[in-house]
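*Asks:* Next comes query25.txt, compact mmCIF, C-alpha atoms:
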# COMPACT_ATOMS: atom_id res chain seq x y z
CA MET R 15 -22.15 -19.33 20.23
CA ALA R 16 -20.99 -18.43 16.76
CA LEU R 17 -19.15 -15.52 15.22
CA THR R 18 -21.47 -14.16 12.56
CA ALA R 19 -20.60 -12.04 9.56
CA SER R 20 -23.51 -9.63 10.01
CA LYS R 21 -22.54 -8.85 13.62
CA ILE R 22 -18.98 -8.08 12.58
CA LEU R 23 -20.25 -5.91 9.74
CA THR R 24 -22.49 -3.93 12.08
CA GLU R 25 -19.54 -3.36 14.38
CA LEU R 26 -17.31 -2.24 11.50
CA LYS R 27 -19.99 0.22 10.47
CA LYS R 28 -20.25 1.51 14.03
CA CYS R 29 -16.48 2.07 13.98
CA GLY R 30 -16.83 4.29 10.92
CA PHE R 31 -14.74 2.23 8.54
CA ASP R 32 -15.28 2.99 4.87
CA TYR R 33 -12.68 0.70 3.25
CA VAL R 34 -11.90 -2.98 3.88
CA VAL R 35 -8.46 -3.90 2.55
CA THR R 36 -7.90 -7.62 2.36
CA VAL R 37 -6.44 -10.76 0.92
CA PRO R 38 -9.38 -13.17 0.93
CA ASP R 39 -9.13 -16.32 3.04
CA ASP R 40 -11.23 -19.30 3.90
CA ASP R 41 -12.17 -18.42 7.49
CA SER R 42 -13.45 -14.94 6.62
CA ARG R 43 -15.06 -15.76 3.28
CA ARG R 44 -18.59 -15.16 4.51
CA LEU R 45 -17.66 -11.74 5.85
CA TYR R 46 -15.98 -10.97 2.51
CA ARG R 47 -19.14 -11.85 0.61
CA LEU R 48 -21.26 -9.69 2.89
CA ILE R 49 -18.90 -6.72 2.61
CA GLU R 50 -18.89 -7.14 -1.16
CA SER R 51 -22.66 -6.71 -1.20
CA ARG R 52 -22.71 -3.56 0.94
CA PRO R 53 -22.32 -0.18 -0.75
CA GLU R 54 -21.22 1.53 2.47
CA PHE R 55 -17.89 -0.32 2.31
CA LYS R 56 -15.36 -0.25 -0.48
CA LEU R 57 -13.48 -3.50 -0.80
CA VAL R 58 -9.85 -3.54 -1.92
CA SER R 59 -8.68 -7.05 -2.66
CA ALA R 60 -4.88 -7.29 -2.93
CA CYS R 61 -2.45 -10.02 -3.92
CA ARG R 62 -0.35 -10.12 -0.73
CA GLU R 63 -0.74 -8.88 2.81
CA GLY R 64 2.30 -6.57 2.69
CA GLU R 65 0.46 -4.66 -0.02
CA VAL R 66 -2.67 -4.54 2.12
CA ILE R 67 -0.90 -2.59 4.87
CA ALA R 68 0.64 -0.13 2.40
CA ILE R 69 -2.69 0.43 0.65
CA ALA R 70 -4.41 0.97 4.00
CA ALA R 71 -1.65 3.42 4.98
CA GLY R 72 -2.18 5.39 1.76
CA LEU R 73 -5.92 5.46 2.38
CA MET R 74 -5.36 6.76 5.89
CA LEU R 75 -3.00 9.51 4.73
CA GLY R 76 -5.65 10.46 2.19
CA GLY R 77 -8.27 10.83 4.91
CA LYS R 78 -10.13 7.51 4.67
CA SER R 79 -10.82 4.95 7.40
CA PRO R 80 -9.70 1.51 6.32
CA VAL R 81 -9.70 -1.73 8.28
CA VAL R 82 -7.25 -4.50 7.42
CA LEU R 83 -8.69 -8.01 7.09
CA ILE R 84 -6.07 -10.74 6.70
CA GLN R 85 -5.38 -14.30 7.81
CA ASN R 86 -2.74 -15.19 10.40
CA THR R 87 -0.60 -16.70 7.61
CA GLY R 88 -0.68 -13.33 5.85
CA PHE R 89 0.28 -11.52 9.03
CA TYR R 90 3.57 -13.41 8.98
CA GLU R 91 4.07 -12.43 5.34
CA SER R 92 3.46 -8.74 5.94
CA GLY R 93 6.27 -8.06 8.43
CA ASP R 94 8.21 -5.29 6.72
CA SER R 95 5.10 -3.28 5.86
CA LEU R 96 3.92 -3.67 9.43
CA ARG R 97 7.27 -2.39 10.69
CA GLY R 98 7.97 0.34 8.17
CA LEU R 99 4.47 1.74 7.78
CA ALA R 100 1.93 0.87 10.47
CA ILE R 101 4.42 0.98 13.36
CA ASP R 102 7.07 3.48 12.25
CA LEU R 103 4.50 5.99 10.97
CA HIS R 104 2.37 5.61 14.12
CA LEU R 105 -0.78 4.75 12.22
CA PRO R 106 -3.83 3.70 14.28
CA MET R 107 -4.48 0.79 11.94
CA LEU R 108 -6.90 -1.92 13.01
CA PHE R 109 -6.05 -5.47 11.95
CA LEU R 110 -8.76 -8.12 11.86
CA ILE R 111 -6.82 -11.36 11.71
CA SER R 112 -8.70 -14.56 11.02
CA CYS R 113 -6.87 -17.39 12.71
CA ARG R 114 -6.48 -20.55 10.67
CA GLY R 115 -6.10 -23.51 13.00
CA TRP R 116 -7.29 -21.70 16.12
CA LYS R 117 -8.74 -23.90 18.85
CA SER R 118 -9.85 -22.52 22.18
CA ASN R 119 -10.72 -25.81 23.86
CA ALA R 120 -8.17 -28.22 22.41
CA PRO R 121 -4.45 -28.29 21.69
CA MET R 122 -3.61 -26.40 18.49
CA THR R 123 -1.66 -28.29 15.86
CA ASP R 124 -1.41 -25.68 13.09
CA SER R 125 1.74 -23.58 13.49
CA ALA R 126 -0.09 -20.65 11.87
CA ALA R 127 -2.29 -20.54 15.00
CA ILE R 128 0.27 -21.64 17.58
CA TYR R 129 2.68 -18.74 17.00
CA ILE R 130 0.29 -15.91 16.18
CA ARG R 131 -0.25 -14.37 19.63
CA GLN R 132 3.44 -14.44 20.44
CA ALA R 133 4.31 -13.04 17.01
CA ILE R 134 1.91 -10.12 17.43
CA GLU R 135 3.19 -9.40 20.92
CA ASP R 136 6.78 -9.51 19.68
CA TRP R 137 5.93 -6.69 17.26
CA GLY R 138 4.74 -4.67 20.26
CA ILE R 139 1.14 -4.79 19.10
CA HIS R 140 -1.65 -5.28 21.59
CA HIS R 141 -4.36 -7.70 20.58
CA HIS R 142 -7.89 -8.70 21.51
CA LEU R 143 -9.46 -12.10 20.97
CA VAL R 144 -12.93 -12.42 19.47
CA GLU R 145 -14.24 -15.98 19.49
CA ASP R 146 -17.97 -15.40 19.27
CA ASP R 147 -20.59 -12.68 18.95
CA ARG R 148 -20.46 -11.87 22.66
CA HIS R 149 -16.99 -10.42 22.10
CA ILE R 150 -17.85 -8.26 19.09
CA ASP R 151 -17.55 -4.95 20.95
CA ARG R 152 -13.85 -5.67 21.39
CA ILE R 153 -13.47 -4.45 17.80
CA SER R 154 -14.59 -0.94 18.81
CA LEU R 155 -12.43 -1.10 21.93
CA ALA R 156 -9.42 -2.07 19.84
CA LEU R 157 -9.99 0.82 17.46
CA ASP R 158 -10.30 3.29 20.35
CA GLU R 159 -7.08 1.92 21.76
CA ALA R 160 -5.32 2.29 18.40
CA LYS R 161 -6.45 5.90 18.09
CA LYS R 162 -5.40 6.78 21.62
CA ALA R 163 -1.99 5.15 21.28
CA GLN R 164 -1.50 6.12 17.62
CA LYS R 165 -0.32 2.63 16.81
CA PRO R 166 -1.75 -0.51 15.24
CA VAL R 167 -3.93 -2.86 17.29
CA ALA R 168 -5.02 -6.37 16.30
CA VAL R 169 -8.23 -8.31 16.77
CA LEU R 170 -7.82 -12.05 16.42
CA LEU R 171 -10.89 -13.77 15.03
CA GLY R 172 -10.58 -17.14 16.74
CA CYS R 173 -13.42 -18.86 14.99
CA GLU R 174 -14.59 -19.42 11.44
CA ILE R 175 -17.07 -16.68 10.59
CA SER R 176 -20.53 -18.04 9.89
CA ASP R 177 -23.59 -16.80 8.08
CA ASP R 178 -26.56 -15.68 10.13
CA GLU R 179 -28.88 -18.38 11.41
CA MET X 6 19.26 5.80 -22.42
CA MET X 7 18.51 8.52 -19.89
CA ASN X 8 20.12 9.82 -16.76
CA SER X 9 17.77 9.49 -13.76
CA PHE X 10 18.35 13.05 -12.59
CA GLU X 11 17.57 14.54 -16.01
CA ALA X 12 14.47 12.35 -16.32
CA LEU X 13 13.25 13.55 -12.92
CA LYS X 14 13.66 17.15 -14.03
CA VAL X 15 11.31 16.45 -16.95
CA VAL X 16 8.75 14.79 -14.66
CA SER X 17 8.99 17.72 -12.26
CA ARG X 18 8.24 20.22 -15.03
CA HIS X 19 5.02 18.36 -15.81
CA ARG X 20 3.81 17.25 -12.35
CA GLY X 21 1.64 20.31 -11.68
CA ASP X 22 -0.16 19.84 -8.35
CA ALA X 23 0.04 16.05 -8.39
CA ILE X 24 1.03 14.05 -5.31
CA VAL X 25 4.40 12.39 -5.97
CA VAL X 26 5.59 9.23 -4.19
CA PRO X 27 9.34 8.79 -4.84
CA THR X 28 11.22 5.72 -3.65
CA MET X 29 14.82 4.44 -3.74
CA THR X 30 16.95 6.39 -6.29
CA ALA X 31 14.11 8.84 -6.83
CA ASN X 32 13.87 9.40 -3.07
CA PHE X 33 17.44 10.72 -3.11
CA GLU X 34 17.17 12.81 -6.28
CA TRP X 35 13.59 14.05 -6.44
CA PRO X 36 13.91 16.65 -3.62
CA GLN X 37 16.66 18.31 -5.68
CA VAL X 38 14.25 19.00 -8.56
CA SER X 39 10.78 19.09 -6.99
CA THR X 40 8.88 22.35 -7.27
CA ASN X 41 6.10 21.30 -4.89
CA PRO X 42 7.72 19.48 -1.95
CA ASP X 43 4.63 19.84 0.24
CA LEU X 44 2.92 17.25 -1.96
CA ASP X 45 5.87 14.85 -2.08
CA LEU X 46 5.37 11.72 -0.01
CA MET X 47 8.97 10.60 0.28
CA PHE X 48 8.92 6.82 0.63
CA SER X 49 11.41 4.80 2.66
CA GLY X 50 11.47 1.54 0.72
CA VAL X 51 9.54 -1.11 2.68
CA MET X 52 10.31 -3.83 0.13
CA GLY X 53 8.83 -2.03 -2.83
CA LYS X 54 5.57 -0.82 -1.31
CA ALA X 55 5.60 2.73 -2.74
CA SER X 56 3.23 1.63 -5.50
CA SER X 57 0.80 0.17 -2.96
CA MET X 58 0.92 3.31 -0.81
CA GLY X 59 0.32 5.31 -4.00
CA LEU X 60 -2.68 3.16 -4.80
CA GLY X 61 -4.21 3.89 -1.38
CA LEU X 62 -3.65 7.62 -1.88
CA ALA X 63 -5.12 7.54 -5.39
CA LEU X 64 -8.26 5.78 -4.11
CA ALA X 65 -8.62 8.14 -1.16
CA ARG X 66 -8.06 11.30 -3.19
CA PRO X 67 -9.60 10.94 -6.66
CA ASP X 68 -9.35 14.73 -6.98
CA LYS X 69 -5.54 14.52 -7.11
CA GLN X 70 -3.28 12.85 -9.61
CA VAL X 71 -0.84 10.48 -7.88
CA ILE X 72 2.56 9.91 -9.50
CA ILE X 73 4.62 6.97 -8.22
CA LEU X 74 8.37 7.08 -8.93
CA ASP X 75 9.33 3.43 -8.51
CA GLY X 76 12.53 1.49 -9.09
CA ASP X 77 12.81 -1.70 -11.13
CA GLY X 78 14.21 -3.61 -8.15
CA SER X 79 11.44 -2.21 -5.96
CA LEU X 80 8.77 -3.25 -8.41
CA LEU X 81 10.16 -6.79 -8.52
CA MET X 82 9.83 -6.97 -4.72
CA ASN X 83 6.13 -6.11 -4.98
CA LEU X 84 5.17 -7.37 -8.41
CA GLY X 85 1.66 -8.36 -7.37
CA ALA X 86 0.95 -4.65 -6.95
CA LEU X 87 0.67 -4.38 -10.74
CA VAL X 88 -2.34 -6.68 -10.63
CA THR X 89 -3.88 -5.03 -7.58
CA ILE X 90 -3.53 -1.57 -9.16
CA ALA X 91 -5.01 -2.78 -12.44
CA HIS X 92 -7.85 -4.43 -10.51
CA MET X 93 -8.74 -1.23 -8.64
CA ALA X 94 -8.03 0.85 -11.77
CA PRO X 95 -7.72 4.35 -10.29
CA PRO X 96 -7.84 6.74 -13.25
CA ASN X 97 -5.61 9.23 -11.40
CA LEU X 98 -2.60 6.94 -10.90
CA ILE X 99 0.61 7.21 -12.93
CA HIS X 100 3.27 4.61 -12.18
CA PHE X 101 6.81 5.39 -13.37
CA VAL X 102 9.50 2.74 -13.16
CA PHE X 103 13.14 3.81 -13.37
CA GLU X 104 14.80 0.88 -15.07
CA ASN X 105 18.54 0.91 -14.39
CA SER X 106 18.72 -2.90 -14.08
CA VAL X 107 20.56 -2.73 -10.74
CA TYR X 108 19.86 -2.31 -7.05
CA ARG X 109 21.58 1.08 -7.18
CA THR X 110 21.07 2.06 -3.55
CA SER X 111 22.45 -1.20 -2.18
CA GLY X 112 25.65 -1.58 -4.16
CA GLY X 113 24.74 -1.90 -7.81
CA GLN X 114 24.01 -5.61 -7.87
CA PRO X 115 22.03 -6.64 -10.97
CA ILE X 116 18.32 -7.25 -10.56
CA PRO X 117 17.11 -10.75 -11.55
CA CYS X 118 16.83 -11.07 -15.31
CA ALA X 119 18.42 -7.64 -15.76
CA GLY X 120 17.81 -6.13 -19.17
CA LYS X 121 15.48 -8.94 -20.20
CA VAL X 122 12.37 -8.19 -18.17
CA ASP X 123 9.72 -6.35 -20.17
CA PHE X 124 8.25 -4.16 -17.42
CA ALA X 125 5.81 -2.39 -19.72
CA GLY X 126 4.72 -5.80 -20.99
CA LEU X 127 4.10 -6.98 -17.42
CA ALA X 128 1.98 -3.90 -16.67
CA HIS X 129 0.05 -4.30 -19.90
CA ALA X 130 -0.61 -7.97 -19.17
CA ALA X 131 -1.73 -7.07 -15.64
CA GLY X 132 -4.34 -4.71 -17.06
CA TYR X 133 -3.01 -1.15 -16.86
CA CYS X 134 -4.93 1.09 -19.25
CA ASN X 135 -1.83 2.63 -20.83
CA THR X 136 1.80 1.52 -20.92
CA TYR X 137 4.85 3.31 -22.31
CA ALA X 138 8.59 2.85 -22.42
CA PHE X 139 10.98 5.71 -23.14
CA SER X 140 14.69 5.42 -23.79
CA GLU X 141 15.40 8.97 -24.90
CA LEU X 142 14.96 12.11 -22.84
CA SER X 143 13.69 14.05 -25.84
CA ASP X 144 10.90 11.50 -26.40
CA LEU X 145 9.90 11.71 -22.76
CA GLU X 146 9.83 15.50 -22.91
CA LYS X 147 7.80 15.48 -26.12
CA ASN X 148 5.19 12.95 -24.96
CA LEU X 149 4.87 13.37 -21.20
CA LYS X 150 1.99 15.84 -21.20
CA LYS X 151 -0.10 13.48 -23.32
CA VAL X 152 0.86 10.54 -21.11
CA LEU X 153 -0.15 12.37 -17.93
CA ASP X 154 -3.41 13.62 -19.42
CA GLN X 155 -4.71 10.12 -20.13
CA ARG X 156 -7.16 8.26 -17.96
CA GLY X 157 -5.10 5.81 -15.90
CA PRO X 158 -3.83 3.70 -14.44
CA THR X 159 -0.84 4.48 -16.62
CA PHE X 160 2.56 2.82 -16.50
CA VAL X 161 5.75 4.43 -17.81
CA VAL X 162 9.13 2.74 -18.00
CA LEU X 163 12.14 5.05 -18.19
CA LYS X 164 15.18 3.19 -19.47
CA LEU X 165 18.21 4.61 -17.69
CA GLU X 166 21.88 4.52 -18.42
CA PRO X 167 23.87 2.26 -16.08
CA ALA X 168 24.65 3.98 -12.79
CA THR X 169 26.00 1.74 -10.06
CA GLU X 170 27.46 4.43 -7.82
CA ARG X 171 25.18 5.75 -5.10
CA THR X 172 23.63 9.10 -5.66
CA PRO X 173 25.32 11.89 -3.59
CA TYR X 174 22.07 13.33 -2.21
CA PRO X 175 20.58 12.54 1.21
CA PHE X 176 17.76 10.07 1.80
CA THR X 177 14.48 11.40 3.20
CA THR X 178 12.42 9.21 5.51
CA THR X 179 8.65 9.11 5.25
CA ALA X 180 8.34 9.83 8.97
CA SER X 181 10.26 13.12 8.64
CA ILE X 182 7.80 14.66 6.17
CA LEU X 183 4.59 12.90 7.17
CA ALA X 184 2.98 15.56 9.37
CA ARG X 185 3.53 18.30 6.79
CA PHE X 186 2.25 16.12 3.95
CA ARG X 187 -0.93 15.19 5.82
CA THR X 188 -1.64 18.78 6.81
CA VAL X 189 -1.20 20.09 3.28
CA LEU X 190 -3.27 17.29 1.77
CA GLU X 191 -6.07 17.84 4.27
CA LYS X 192 -6.14 21.57 3.43
CA LEU X 193 -6.49 20.72 -0.25
CA LYS X 194 -9.52 18.50 0.34
CA PRO X 195 -12.38 19.47 -1.94
CA GLU X 196 -15.53 20.69 -0.21
CA VAL X 197 -18.32 18.14 -0.23
If you took the structure in this file and wrote it as structure tokens, what would it be?

*Replies:*
Amino acid sequence: MALTASKILTELKKCGFDYVVTVPDDDSRRLYRLIESRPEFKLVSACREGEVIAIAAGLMLGGKSPVVLIQNTGFYESGDSLRGLAIDLHLPMLFLISCRGWKSNAPMTDSAAIYIRQAIEDWGIHHHLVEDDRHIDRISLALDEAKKAQKPVAVLLGCEISDDE
Amino acid sequence: MMNSFEALKVVSRHRGDAIVVPTMTANFEWPQVSTNPDLDLMFSGVMGKASSMGLGLALARPDKQVIILDGDGSLLMNLGALVTIAHMAPPNLIHFVFENSVYRTSGGQPIPCAGKVDFAGLAHAAGYCNTYAFSELSDLEKNLKKVLDQRGPTFVVLKLEPATERTPYPFTTTASILARFRTVLEKLKPEV
């Protein structure tokens, strides 16, 4: 089973997101291209992930529904924005985190992947793992959870996103 | 060179019904001069992210002008924001930078390359539509209406006199004003 860009996009649409705020990365590049081509989503491409969280926070305060799309490496970079904005302001922000180096059936060797689950948990953020299309509805579940708890929730994309067959 | 408090008074006289996002020194001083506190999103620092938060607001609410009151040290912590803002190019965004060349709120240590960085030049090179630098209060007063009336994003450097002592006013956290700000902003939403 694969994790396909169009399935993720359909799920994001179902969730009601109107903005995707991102720093582009290799694992999610096909999703990025698809989002770019869809008028129902506005794409905000930033320079660093700390910016992404602050931009998404501003969008939320202004009444929009952004989703954050970053790589695990960028999650580490974004710490103070995560703390001072998403967590301290109790924003139900959904993070889609593409996981460089993730391996579900073999030992991981990339520290970006090895530490990510623990790092997210240490921030007090609950996370869901999406490794193929069968898990796509976990994105909606994560958003519901974020809204109920009024806090950020993460979805780890544990597989390179592919184009449709 | 200007005094930050006097410069803020001038900005306040011209802000109209704009959203204002003050950070660092401006966070302390702006509430003393603001005439529309319900639309002030007091910002708690977060390593210079006021400009990025302002960008999100400007994109979400194109019906409102968004004025960011940034510090020079704050901008240096989030310098990529200049490029991101220029890339998204919200016409309703005005980005002020209070250049006092020090980290005033943390002890007055000089910022890197103090007095040599050309902040307006950086914003121009990043792609802001308009960039200005004012050293005299009278020039700011005389030109501010024209500056604010332009299609943005617009960048304005205010060159301040040295002030290393901390401002005597209290700091306002974002969390403490957030509910009121959101409620007021929601009420001002244009009908679709």

*Asks:* Applying 8 Å and only C-alpha atoms, which residues near Asp75 of chain X remain after dropping the ones on its own chain fewer than 2 positions away? List them as a list of chain:residue names.

*Replies:* X:Pro27, X:Thr28, X:Met29, X:Ala31, X:Gly53, X:Ala55, X:Ser56, X:Ile73, X:Asp77, X:Ser79, X:Leu80, X:His100, X:Phe101, X:Val102, X:Phe103

*Asks:* Give me, as a VMD selection string, the contact residues of chain R against chain X at a cut-off of 12 Å, counting all atoms listed in the file.

*Replies:* chain R and resid 32 to 37 56 to 80 91 to 105

*Asks:* Restricting the calculation to only C-alpha atoms: of R:Asp178, R:Asp136, R:Asp146, R:Asp39, which residue gets closest to Asn86 of chain R?

*Replies:*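 Answer, going by the shortest atom-to-atom distance: R:Asp39.
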
*Asks:* Near segment 45-47 of chain R, counting only C-alpha atoms, which residues have an atom at most 9 Å away, once you skip same-chain residues fewer than 3 positions from it, shown as a PyMOL selection string?

*Replies:* chain R and resi 18-20+22-23+36+38-39+41-42+50-51+57+175-177

*Asks:* List the neighbours of Thr24 of chain R out to 12 Å using all atoms listed in the file; skip same-chain residues closer than 2 positions along the sequence, and give me the result as an MDAnalysis selection string.

*Replies:* chainID R and resid 18:22 26:31 45 48:49 52 54:55 147 150:151 153:154
